$ cat my_file_27.cif   # mmCIF, C-alpha atoms; chains and numbers go by the auth columns
data_start
#
loop_
_atom_site.group_PDB
_atom_site.id
_atom_site.type_symbol
_atom_site.label_atom_id
_atom_site.label_comp_id
_atom_site.label_asym_id
_atom_site.label_seq_id
_atom_site.Cartn_x
_atom_site.Cartn_y
_atom_site.Cartn_z
_atom_site.B_iso_or_equiv
_atom_site.auth_seq_id
_atom_site.auth_asym_id
ATOM 1 C CA MET A 1 0.000 0.000 0.000 0.00 1 E
ATOM 2 C CA ARG A 2 1.333 3.432 -0.959 0.00 2 E
ATOM 3 C CA PRO A 3 1.947 5.891 1.928 0.00 3 E
ATOM 4 C CA LEU A 4 -0.677 8.280 0.548 0.00 4 E
ATOM 5 C CA HIS A 5 -3.226 5.451 0.416 0.00 5 E
ATOM 6 C CA PHE A 6 -2.373 4.474 3.986 0.00 6 E
ATOM 7 C CA VAL A 7 -2.909 8.039 5.214 0.00 7 E
ATOM 8 C CA MET A 8 -6.189 8.335 3.287 0.00 8 E
ATOM 9 C CA PHE A 9 -7.608 5.091 4.686 0.00 9 E
ATOM 10 C CA ALA A 10 -6.338 5.806 8.213 0.00 10 E
ATOM 11 C CA VAL A 11 -7.971 9.261 8.261 0.00 11 E
ATOM 12 C CA SER A 12 -11.191 7.838 6.776 0.00 12 E
ATOM 13 C CA LEU A 13 -11.273 5.138 9.446 0.00 13 E
ATOM 14 C CA LEU A 14 -10.769 7.688 12.229 0.00 14 E
ATOM 15 C CA TYR A 15 -13.508 9.844 10.694 0.00 15 E
ATOM 16 C CA THR A 16 -15.924 6.886 10.565 0.00 16 E
ATOM 17 C CA VAL A 17 -15.228 5.725 14.131 0.00 17 E
ATOM 18 C CA GLY A 18 -15.334 9.299 15.433 0.00 18 E
ATOM 19 C CA LEU A 19 -18.798 10.041 14.029 0.00 19 E
ATOM 20 C CA MET A 20 -20.193 6.718 15.241 0.00 20 E
ATOM 21 C CA LEU A 21 -18.820 7.417 18.736 0.00 21 E
ATOM 22 C CA ILE A 22 -20.371 10.889 18.693 0.00 22 E
ATOM 23 C CA GLU A 23 -23.823 9.433 17.966 0.00 23 E
ATOM 24 C CA TRP A 24 -23.349 6.697 20.556 0.00 24 E
ATOM 25 C CA LYS A 25 -22.246 9.159 23.254 0.00 25 E
ATOM 26 C CA THR A 26 -24.772 11.899 22.406 0.00 26 E
ATOM 27 C CA SER A 27 -27.794 11.423 20.158 0.00 27 E
ATOM 28 C CA GLN A 28 -28.918 11.124 16.563 0.00 28 E
ATOM 29 C CA ALA A 29 -30.120 14.738 16.659 0.00 29 E
ATOM 30 C CA PHE A 30 -26.633 15.924 17.662 0.00 30 E
ATOM 31 C CA VAL A 31 -24.713 13.890 15.082 0.00 31 E
ATOM 32 C CA ARG A 32 -27.162 15.018 12.370 0.00 32 E
ATOM 33 C CA GLN A 33 -25.373 18.380 12.517 0.00 33 E
ATOM 34 C CA PHE A 34 -22.358 16.639 10.965 0.00 34 E
ATOM 35 C CA LEU A 35 -24.243 14.306 8.626 0.00 35 E
ATOM 36 C CA GLY A 36 -27.235 16.360 7.492 0.00 36 E
ATOM 37 C CA ASP A 37 -27.636 17.726 3.975 0.00 37 E
ATOM 38 C CA ILE A 38 -26.597 21.333 3.395 0.00 38 E
ATOM 39 C CA GLN A 39 -30.005 22.950 3.024 0.00 39 E
ATOM 40 C CA GLN A 40 -30.798 25.831 5.330 0.00 40 E
ATOM 41 C CA GLY A 41 -32.357 28.325 2.927 0.00 41 E
ATOM 42 C CA GLN A 42 -35.797 28.499 1.419 0.00 42 E
ATOM 43 C CA ILE A 43 -34.652 28.694 -2.212 0.00 43 E
ATOM 44 C CA PRO A 44 -33.166 26.181 -4.676 0.00 44 E
ATOM 45 C CA PHE A 45 -29.377 26.286 -5.087 0.00 45 E
ATOM 46 C CA TYR A 46 -28.883 27.704 -1.591 0.00 46 E
ATOM 47 C CA GLY A 47 -25.158 28.350 -1.042 0.00 47 E
ATOM 48 C CA ILE A 48 -24.300 27.538 -4.679 0.00 48 E
ATOM 49 C CA ASN A 49 -21.297 29.882 -4.868 0.00 49 E
ATOM 50 C CA THR A 50 -19.587 28.352 -1.833 0.00 50 E
ATOM 51 C CA THR A 51 -20.323 24.870 -3.215 0.00 51 E
ATOM 52 C CA LEU A 52 -18.718 25.753 -6.554 0.00 52 E
ATOM 53 C CA THR A 53 -15.671 27.500 -5.106 0.00 53 E
ATOM 54 C CA THR A 54 -15.030 24.699 -2.614 0.00 54 E
ATOM 55 C CA PHE A 55 -15.349 22.144 -5.398 0.00 55 E
ATOM 56 C CA MET A 56 -12.885 23.980 -7.638 0.00 56 E
ATOM 57 C CA LEU A 57 -10.321 24.419 -4.856 0.00 57 E
ATOM 58 C CA TRP A 58 -10.452 20.765 -3.848 0.00 58 E
ATOM 59 C CA ALA A 59 -10.479 19.704 -7.498 0.00 59 E
ATOM 60 C CA SER A 60 -7.299 21.753 -7.980 0.00 60 E
ATOM 61 C CA ALA A 61 -5.716 19.919 -5.051 0.00 61 E
ATOM 62 C CA LEU A 62 -6.728 16.617 -6.667 0.00 62 E
ATOM 63 C CA LEU A 63 -5.152 17.617 -9.985 0.00 63 E
ATOM 64 C CA PHE A 64 -1.854 18.342 -8.240 0.00 64 E
ATOM 65 C CA ALA A 65 -2.125 14.978 -6.450 0.00 65 E
ATOM 66 C CA ILE A 66 -2.454 13.318 -9.861 0.00 66 E
ATOM 67 C CA SER A 67 0.507 15.356 -11.108 0.00 67 E
ATOM 68 C CA LEU A 68 2.594 13.794 -8.336 0.00 68 E
ATOM 69 C CA LEU A 69 2.025 10.406 -9.988 0.00 69 E
ATOM 70 C CA CYS A 70 3.610 11.743 -13.196 0.00 70 E
ATOM 71 C CA ILE A 71 6.825 12.928 -11.561 0.00 71 E
ATOM 72 C CA ASP A 72 10.083 11.080 -11.120 0.00 72 E
ATOM 73 C CA ARG A 73 10.934 12.163 -7.583 0.00 73 E
ATOM 74 C CA GLY A 74 14.612 11.313 -7.987 0.00 74 E
ATOM 75 C CA ARG A 75 15.136 13.534 -11.043 0.00 75 E
ATOM 76 C CA GLU A 76 12.425 16.140 -10.477 0.00 76 E
ATOM 77 C CA ARG A 77 12.616 16.930 -6.786 0.00 77 E
ATOM 78 C CA ARG A 78 11.790 20.594 -7.242 0.00 78 E
ATOM 79 C CA GLU A 79 8.643 19.810 -9.246 0.00 79 E
ATOM 80 C CA PHE A 80 7.700 17.109 -6.745 0.00 80 E
ATOM 81 C CA TRP A 81 7.762 19.532 -3.826 0.00 81 E
ATOM 82 C CA PHE A 82 6.037 22.214 -5.883 0.00 82 E
ATOM 83 C CA CYS A 83 3.089 19.912 -6.551 0.00 83 E
ATOM 84 C CA TRP A 84 2.976 18.946 -2.879 0.00 84 E
ATOM 85 C CA SER A 85 2.934 22.623 -1.897 0.00 85 E
ATOM 86 C CA GLN A 86 0.059 23.323 -4.293 0.00 86 E
ATOM 87 C CA LEU A 87 -1.865 20.280 -3.125 0.00 87 E
ATOM 88 C CA LEU A 88 -1.656 21.518 0.474 0.00 88 E
ATOM 89 C CA ILE A 89 -2.443 25.148 -0.414 0.00 89 E
ATOM 90 C CA PHE A 90 -5.537 24.309 -2.459 0.00 90 E
ATOM 91 C CA PHE A 91 -6.791 21.689 -0.048 0.00 91 E
ATOM 92 C CA GLY A 92 -6.346 24.170 2.808 0.00 92 E
ATOM 93 C CA LEU A 93 -8.132 26.933 0.906 0.00 93 E
ATOM 94 C CA GLY A 94 -11.013 24.590 0.120 0.00 94 E
ATOM 95 C CA PHE A 95 -11.239 23.556 3.769 0.00 95 E
ATOM 96 C CA ASP A 96 -11.214 27.211 4.776 0.00 96 E
ATOM 97 C CA GLU A 97 -13.889 28.056 2.217 0.00 97 E
ATOM 98 C CA ARG A 98 -16.189 25.294 3.433 0.00 98 E
ATOM 99 C CA PHE A 99 -15.670 25.735 7.184 0.00 99 E
ATOM 100 C CA MET A 100 -14.891 29.487 7.437 0.00 100 E
ATOM 101 C CA VAL A 101 -11.561 28.934 9.200 0.00 101 E
ATOM 102 C CA HIS A 102 -9.973 32.324 8.552 0.00 102 E
ATOM 103 C CA GLU A 103 -13.145 34.127 9.659 0.00 103 E
ATOM 104 C CA ARG A 104 -13.077 32.231 12.966 0.00 104 E
ATOM 105 C CA ILE A 105 -9.370 32.969 13.455 0.00 105 E
ATOM 106 C CA GLY A 106 -10.059 36.633 12.713 0.00 106 E
ATOM 107 C CA ASN A 107 -12.777 36.727 15.366 0.00 107 E
ATOM 108 C CA TRP A 108 -10.496 35.063 17.934 0.00 108 E
ATOM 109 C CA THR A 109 -7.441 37.215 17.257 0.00 109 E
ATOM 110 C CA GLY A 110 -9.064 40.515 16.297 0.00 110 E
ATOM 111 C CA ILE A 111 -7.180 40.514 12.978 0.00 111 E
ATOM 112 C CA GLN A 112 -9.251 41.435 9.943 0.00 112 E
ATOM 113 C CA ASP A 113 -9.818 38.157 8.107 0.00 113 E
ATOM 114 C CA ALA A 114 -8.906 39.655 4.710 0.00 114 E
ATOM 115 C CA TYR A 115 -5.331 40.097 5.925 0.00 115 E
ATOM 116 C CA LEU A 116 -5.170 36.428 6.901 0.00 116 E
ATOM 117 C CA LEU A 117 -6.094 35.470 3.340 0.00 117 E
ATOM 118 C CA PHE A 118 -3.511 37.940 2.049 0.00 118 E
ATOM 119 C CA ALA A 119 -0.890 36.146 4.183 0.00 119 E
ATOM 120 C CA VAL A 120 -1.856 32.839 2.540 0.00 120 E
ATOM 121 C CA GLY A 121 -1.431 34.535 -0.829 0.00 121 E
ATOM 122 C CA CYS A 122 2.072 35.628 0.183 0.00 122 E
ATOM 123 C CA VAL A 123 2.948 32.038 1.127 0.00 123 E
ATOM 124 C CA GLU A 124 1.704 30.910 -2.276 0.00 124 E
ATOM 125 C CA LEU A 125 3.885 33.533 -3.978 0.00 125 E
ATOM 126 C CA LEU A 126 6.880 32.184 -2.054 0.00 126 E
ATOM 127 C CA PHE A 127 6.130 28.634 -3.244 0.00 127 E
ATOM 128 C CA LEU A 128 5.773 29.849 -6.819 0.00 128 E
ATOM 129 C CA ALA A 129 9.022 31.803 -6.673 0.00 129 E
ATOM 130 C CA ARG A 130 11.104 29.060 -5.044 0.00 130 E
ATOM 131 C CA LEU A 131 9.581 25.917 -6.548 0.00 131 E
ATOM 132 C CA GLY A 132 7.272 26.929 -9.394 0.00 132 E
ATOM 133 C CA ALA A 133 9.822 26.979 -12.253 0.00 133 E
ATOM 134 C CA LEU A 134 7.581 29.546 -13.929 0.00 134 E
ATOM 135 C CA PRO A 135 9.846 30.163 -16.971 0.00 135 E
ATOM 136 C CA GLN A 136 9.301 26.496 -17.908 0.00 136 E
ATOM 137 C CA ARG A 137 5.494 26.773 -17.849 0.00 137 E
ATOM 138 C CA SER A 138 3.434 27.414 -20.954 0.00 138 E
ATOM 139 C CA ARG A 139 1.961 30.831 -21.657 0.00 139 E
ATOM 140 C CA THR A 140 -1.512 29.432 -21.064 0.00 140 E
ATOM 141 C CA THR A 141 -0.492 28.130 -17.643 0.00 141 E
ATOM 142 C CA LEU A 142 1.004 31.475 -16.662 0.00 142 E
ATOM 143 C CA ALA A 143 -2.040 33.360 -17.987 0.00 143 E
ATOM 144 C CA TYR A 144 -4.417 31.316 -15.833 0.00 144 E
ATOM 145 C CA LEU A 145 -2.135 31.733 -12.821 0.00 145 E
ATOM 146 C CA GLY A 146 -1.940 35.502 -13.328 0.00 146 E
ATOM 147 C CA LEU A 147 -5.705 35.870 -13.788 0.00 147 E
ATOM 148 C CA GLY A 148 -6.358 33.744 -10.718 0.00 148 E
ATOM 149 C CA GLY A 149 -3.945 35.792 -8.636 0.00 149 E
ATOM 150 C CA PHE A 150 -5.495 39.038 -9.872 0.00 150 E
ATOM 151 C CA ALA A 151 -9.019 37.883 -8.998 0.00 151 E
ATOM 152 C CA PHE A 152 -7.792 36.768 -5.579 0.00 152 E
ATOM 153 C CA LEU A 153 -6.236 40.207 -5.002 0.00 153 E
ATOM 154 C CA VAL A 154 -9.473 41.939 -6.049 0.00 154 E
ATOM 155 C CA MET A 155 -11.441 39.774 -3.606 0.00 155 E
ATOM 156 C CA VAL A 156 -9.085 40.593 -0.714 0.00 156 E
ATOM 157 C CA ALA A 157 -9.133 44.319 -1.550 0.00 157 E
ATOM 158 C CA ILE A 158 -12.939 44.405 -1.622 0.00 158 E
ATOM 159 C CA ASP A 159 -13.123 42.543 1.679 0.00 159 E
ATOM 160 C CA ALA A 160 -10.544 44.785 3.338 0.00 160 E
ATOM 161 C CA PHE A 161 -11.471 48.243 2.115 0.00 161 E
ATOM 162 C CA LEU A 162 -15.070 48.493 0.908 0.00 162 E
ATOM 163 C CA PRO A 163 -17.972 49.123 3.333 0.00 163 E
ATOM 164 C CA SER A 164 -19.873 45.908 4.072 0.00 164 E
ATOM 165 C CA ALA A 165 -23.284 47.467 3.251 0.00 165 E
ATOM 166 C CA LEU A 166 -22.190 48.967 -0.090 0.00 166 E
ATOM 167 C CA MET A 167 -24.434 48.007 -3.013 0.00 167 E
ATOM 168 C CA LEU A 168 -22.950 45.134 -5.093 0.00 168 E
ATOM 169 C CA ARG A 169 -20.058 44.752 -2.620 0.00 169 E
ATOM 170 C CA LEU A 170 -21.062 41.200 -1.596 0.00 170 E
ATOM 171 C CA SER A 171 -21.609 40.047 -5.184 0.00 171 E
ATOM 172 C CA ALA A 172 -18.336 41.604 -6.335 0.00 172 E
ATOM 173 C CA GLU A 173 -16.370 39.911 -3.545 0.00 173 E
ATOM 174 C CA ASP A 174 -17.853 36.453 -3.953 0.00 174 E
ATOM 175 C CA LEU A 175 -17.857 36.519 -7.753 0.00 175 E
ATOM 176 C CA SER A 176 -14.224 37.615 -7.875 0.00 176 E
ATOM 177 C CA LYS A 177 -13.546 34.635 -5.595 0.00 177 E
ATOM 178 C CA PHE A 178 -15.463 32.412 -8.014 0.00 178 E
ATOM 179 C CA TRP A 179 -13.405 33.601 -10.983 0.00 179 E
ATOM 180 C CA GLY A 180 -10.196 33.288 -9.004 0.00 180 E
ATOM 181 C CA CYS A 181 -10.997 29.678 -8.124 0.00 181 E
ATOM 182 C CA LEU A 182 -11.909 28.945 -11.747 0.00 182 E
ATOM 183 C CA PHE A 183 -8.646 30.349 -13.122 0.00 183 E
ATOM 184 C CA LEU A 184 -6.579 28.579 -10.451 0.00 184 E
ATOM 185 C CA PHE A 185 -8.356 25.314 -11.271 0.00 185 E
ATOM 186 C CA LEU A 186 -7.389 25.834 -14.923 0.00 186 E
ATOM 187 C CA PHE A 187 -3.822 26.566 -13.796 0.00 187 E
ATOM 188 C CA ALA A 188 -3.732 23.203 -11.989 0.00 188 E
ATOM 189 C CA TRP A 189 -5.236 21.551 -15.081 0.00 189 E
ATOM 190 C CA GLU A 190 -2.539 22.999 -17.341 0.00 190 E
ATOM 191 C CA VAL A 191 0.242 21.847 -14.996 0.00 191 E
ATOM 192 C CA LEU A 192 -1.170 18.320 -15.076 0.00 192 E
ATOM 193 C CA ARG A 193 -1.563 18.461 -18.860 0.00 193 E
ATOM 194 C CA GLN A 194 2.092 19.487 -19.169 0.00 194 E
ATOM 195 C CA HIS A 195 3.138 16.420 -17.166 0.00 195 E
ATOM 196 C CA ILE A 196 0.917 14.102 -19.195 0.00 196 E
ATOM 197 C CA ASN A 197 2.226 15.483 -22.494 0.00 197 E
ATOM 198 C CA ARG A 198 5.792 14.975 -21.266 0.00 198 E
ATOM 199 C CA LEU A 199 5.039 11.359 -20.376 0.00 199 E
ATOM 200 C CA LYS A 200 3.453 10.832 -23.802 0.00 200 E
ATOM 201 C CA GLY A 201 6.540 12.305 -25.460 0.00 201 E
ATOM 202 C CA ASN A 202 8.857 10.044 -23.463 0.00 202 E
ATOM 203 C CA ARG A 203 6.759 7.009 -24.411 0.00 203 E
ATOM 204 C CA LEU A 204 6.907 7.910 -28.105 0.00 204 E
ATOM 205 C CA LYS A 205 10.678 8.357 -27.927 0.00 205 E
ATOM 206 C CA THR A 206 11.046 4.999 -26.217 0.00 206 E
ATOM 207 C CA ALA A 207 8.844 3.349 -28.842 0.00 207 E
ATOM 208 C CA ALA A 208 10.857 4.938 -31.655 0.00 208 E
ATOM 209 C CA LEU A 209 14.141 3.706 -30.202 0.00 209 E
ATOM 210 C CA SER A 210 12.930 0.146 -29.637 0.00 210 E
#
$ encode --input "my_file_27.cif" --output "structure tokens"
Amino acid sequence: MRPLHFVMFAVSLLYTVGLMLIEWKTSQAFVRQFLGDIQQGQIPFYGINTTLTTFMLWASALLFAISLLCIDRGRERREFWFCWSQLLIFFGLGFDERFMVHERIGNWTGIQDAYLLFAVGCVELLFLARLGALPQRSRTTLAYLGLGGFAFLVMVAIDAFLPSALMLRLSAEDLSKFWGCLFLFLFAWEVLRQHINRLKGNRLKTAALS
């Protein structure tokens, strides 16, 4: 069993046992808070934007996990750690989006939550600068990355500086987040496509030599 598979199954087992213990120790009504469907509003598609952005962030993490399978760790250590960094960043952002982690931390610490997201963006820039090998990426990959970063910056700026009751402020913030997640998903897709094309090229060269 691969180490990643072991971790996945171990965490899933702990999750399963934990929820069953919660119901056993409390009640079905209490555990339903963890297991119930996400439907609190009175309209169809309640919470659709958060559903879509969470999906795209976690899908991006999955694409980088698949990219790891395409990398020779011995010869491509920098790319290996880059994909790991992106997997963790996007998984963490998706977790934050779904469970409002940075908002809770902001309430506890008194720090405006927009600045916490900006700090995550700075960490991502560090990963890109040190591990991203950006000159080796295609123009399409860099375009999606740049557009995603720009949309992310717009979202943070709106959250930090515009009055909360301003007309169209909420839509502008959440829709810039949506577009940022979309472009970053496409960035992850292009990175994976680059790895797959390289593997195809290597296979064709091997076939031609044999």
$ residues_around --input "my_file_27.cif" --residues "E:Gly121" --least-positions-apart "3" --cutoff "10 Å" --atoms "all atoms listed in the file" --output "list of chain:residue names"
E:Ile89, E:Tyr115, E:Leu116, E:Leu117, E:Phe118, E:Glu124, E:Leu125, E:Leu126, E:Phe127, E:Gly149, E:Phe152, E:Leu153, E:Val156
$ residues_near_point --input "my_file_27.cif" --point "(7.4, 28.3, -13.9)" --cutoff "12 Å" --atoms "only C-alpha atoms" --output "short mmCIF file (atom, residue, chain, number, x, y, z; two decimals) with C-alpha atoms, in the coordinates of the input"
data_model
loop_
_atom_site.label_atom_id
_atom_site.label_comp_id
_atom_site.auth_asym_id
_atom_site.auth_seq_id
_atom_site.Cartn_x
_atom_site.Cartn_y
_atom_site.Cartn_z
CA ARG E 78 11.79 20.59 -7.24
CA GLU E 79 8.64 19.81 -9.25
CA PHE E 82 6.04 22.21 -5.88
CA CYS E 83 3.09 19.91 -6.55
CA LEU E 125 3.88 33.53 -3.98
CA PHE E 127 6.13 28.63 -3.24
CA LEU E 128 5.77 29.85 -6.82
CA ALA E 129 9.02 31.80 -6.67
CA ARG E 130 11.10 29.06 -5.04
CA LEU E 131 9.58 25.92 -6.55
CA GLY E 132 7.27 26.93 -9.39
CA ALA E 133 9.82 26.98 -12.25
CA LEU E 134 7.58 29.55 -13.93
CA PRO E 135 9.85 30.16 -16.97
CA GLN E 136 9.30 26.50 -17.91
CA ARG E 137 5.49 26.77 -17.85
CA SER E 138 3.43 27.41 -20.95
CA ARG E 139 1.96 30.83 -21.66
CA THR E 140 -1.51 29.43 -21.06
CA THR E 141 -0.49 28.13 -17.64
CA LEU E 142 1.00 31.48 -16.66
CA ALA E 143 -2.04 33.36 -17.99
CA LEU E 145 -2.13 31.73 -12.82
CA GLY E 146 -1.94 35.50 -13.33
CA PHE E 187 -3.82 26.57 -13.80
CA GLU E 190 -2.54 23.00 -17.34
CA VAL E 191 0.24 21.85 -15.00
CA GLN E 194 2.09 19.49 -19.17
#
$ closest_residue --input "my_file_27.cif" --among "E:Asp113, E:Thr16, E:Ala61, E:Leu168" --to "E:Leu184" --atoms "all atoms listed in the file"
E:Ala61
$ atom_distance --input "my_file_27.cif" --atom1 "atom CA of E:Ser67" --atom2 "atom CA of E:Ile48"
28.4 Å
$ atom_distance --input "my_file_27.cif" --atom1 "atom CA of E:Thr53" --atom2 "atom CA of E:Phe91"
11.8 Å
$ closest_residue --input "my_file_27.cif" --among "E:Met20, E:Val120, E:Ala160, E:Val101" --to "E:Leu88" --atoms "all atoms listed in the file"
E:Val120
$ closest_residue --input "my_file_27.cif" --among "E:Phe185, E:Phe161, E:Gly94, E:Gln42" --to "E:Leu63" --atoms "only C-alpha atoms"
E:Phe185
$ resolve_selection --input "my_file_27.cif" --expression "the PyMOL selection byres ((chain E and resi 178) around 9)" --output "mmCIF file with C-alpha atoms, in the frame of the given file"
data_model
loop_
_atom_site.group_PDB
_atom_site.id
_atom_site.type_symbol
_atom_site.label_atom_id
_atom_site.label_comp_id
_atom_site.auth_asym_id
_atom_site.auth_seq_id
_atom_site.Cartn_x
_atom_site.Cartn_y
_atom_site.Cartn_z
ATOM 1 C CA ASN E 49 -21.297 29.882 -4.868
ATOM 2 C CA THR E 50 -19.587 28.352 -1.833
ATOM 3 C CA LEU E 52 -18.718 25.753 -6.554
ATOM 4 C CA THR E 53 -15.671 27.500 -5.106
ATOM 5 C CA MET E 56 -12.885 23.980 -7.638
ATOM 6 C CA ALA E 151 -9.019 37.883 -8.998
ATOM 7 C CA GLU E 173 -16.370 39.911 -3.545
ATOM 8 C CA ASP E 174 -17.853 36.453 -3.953
ATOM 9 C CA LEU E 175 -17.857 36.519 -7.753
ATOM 10 C CA SER E 176 -14.224 37.615 -7.875
ATOM 11 C CA LYS E 177 -13.546 34.635 -5.595
ATOM 12 C CA TRP E 179 -13.405 33.601 -10.983
ATOM 13 C CA GLY E 180 -10.196 33.288 -9.004
ATOM 14 C CA CYS E 181 -10.997 29.678 -8.124
ATOM 15 C CA LEU E 182 -11.909 28.945 -11.747
ATOM 16 C CA PHE E 183 -8.646 30.349 -13.122
#
$ residues_around --input "my_file_27.cif" --residues "stretch 35-38 of chain E" --least-positions-apart "2" --cutoff "12 Å" --atoms "only C-alpha atoms" --output "list in words"
Tyr15, Thr16, Leu19, Met20, Ile22, Glu23, Gln28, Ala29, Phe30, Val31, Arg32, Gln33, Gln40, Gly41, Gln42, Pro44, Phe45, Tyr46, Gly47, Ile48, Thr50, Thr51 and Arg98 of chain E
$ closest_residue --input "my_file_27.cif" --among "E:Ile111, E:Gly92, E:Arg203, E:Met8" --to "E:Leu57" --atoms "only C-alpha atoms"
E:Gly92
$ axis_aligned_box --input "my_file_27.cif" --around "stretch 9-16 of chain E" --padding-each-side "3 Å" --output "lines of an AutoDock Vina configuration file"
center_x = -11.1
center_y = 7.5
center_z = 8.5
size_x = 15.6
size_y = 10.8
size_z = 13.5
$ atom_distance --input "my_file_27.cif" --atom1 "atom CA of E:Glu97" --atom2 "atom CA of E:Ile43"
21.2 Å
$ residues_around --input "my_file_27.cif" --residues "E:Cys70" --least-positions-apart "3" --cutoff "8 Å" --atoms "all atoms listed in the file" --output "PyMOL selection string"
chain E and resi 66-67+195-196+199
$ decode --input "my_file_27.cif" --residues "stretch 84-102 of chain E" --atoms "N, CA and C atoms" --output "short mmCIF file (atom, residue, chain, number, x, y, z; two decimals), in the first residue's frame"
data_model
loop_
_atom_site.label_atom_id
_atom_site.label_comp_id
_atom_site.auth_asym_id
_atom_site.auth_seq_id
_atom_site.Cartn_x
_atom_site.Cartn_y
_atom_site.Cartn_z
N TRP E 84 3.42 19.17 -4.26
CA TRP E 84 2.98 18.95 -2.88
C TRP E 84 2.54 20.27 -2.24
N SER E 85 3.30 21.33 -2.49
CA SER E 85 2.93 22.62 -1.90
C SER E 85 1.58 23.09 -2.42
N GLN E 86 1.33 22.89 -3.71
CA GLN E 86 0.06 23.32 -4.29
C GLN E 86 -1.09 22.45 -3.82
N LEU E 87 -0.84 21.17 -3.67
CA LEU E 87 -1.87 20.28 -3.13
C LEU E 87 -2.30 20.77 -1.74
N LEU E 88 -1.34 21.09 -0.89
CA LEU E 88 -1.66 21.52 0.47
C LEU E 88 -2.33 22.89 0.48
N ILE E 89 -1.85 23.81 -0.35
CA ILE E 89 -2.44 25.15 -0.41
C ILE E 89 -3.90 25.07 -0.84
N PHE E 90 -4.17 24.35 -1.93
CA PHE E 90 -5.54 24.31 -2.46
C PHE E 90 -6.47 23.50 -1.57
N PHE E 91 -5.95 22.42 -0.99
CA PHE E 91 -6.79 21.69 -0.05
C PHE E 91 -7.13 22.57 1.16
N GLY E 92 -6.11 23.29 1.66
CA GLY E 92 -6.35 24.17 2.81
C GLY E 92 -7.31 25.29 2.49
N LEU E 93 -7.20 25.87 1.30
CA LEU E 93 -8.13 26.93 0.91
C LEU E 93 -9.55 26.40 0.77
N GLY E 94 -9.69 25.18 0.22
CA GLY E 94 -11.01 24.59 0.12
C GLY E 94 -11.61 24.29 1.49
N PHE E 95 -10.79 23.81 2.40
CA PHE E 95 -11.24 23.56 3.77
C PHE E 95 -11.67 24.86 4.44
N ASP E 96 -10.88 25.90 4.23
CA ASP E 96 -11.21 27.21 4.78
C ASP E 96 -12.52 27.74 4.19
N GLU E 97 -12.68 27.57 2.88
CA GLU E 97 -13.89 28.06 2.22
C GLU E 97 -15.14 27.35 2.75
N ARG E 98 -15.02 26.06 2.98
CA ARG E 98 -16.19 25.29 3.43
C ARG E 98 -16.50 25.53 4.90
N PHE E 99 -15.45 25.69 5.74
CA PHE E 99 -15.67 25.74 7.18
C PHE E 99 -15.33 27.09 7.82
N MET E 100 -15.08 28.11 6.96
CA MET E 100 -14.89 29.49 7.44
C MET E 100 -13.79 29.58 8.50
N VAL E 101 -12.64 28.99 8.22
CA VAL E 101 -11.56 28.93 9.20
C VAL E 101 -10.96 30.32 9.44
N HIS E 102 -10.65 31.04 8.35
CA HIS E 102 -9.97 32.32 8.55
C HIS E 102 -10.90 33.35 9.20
#
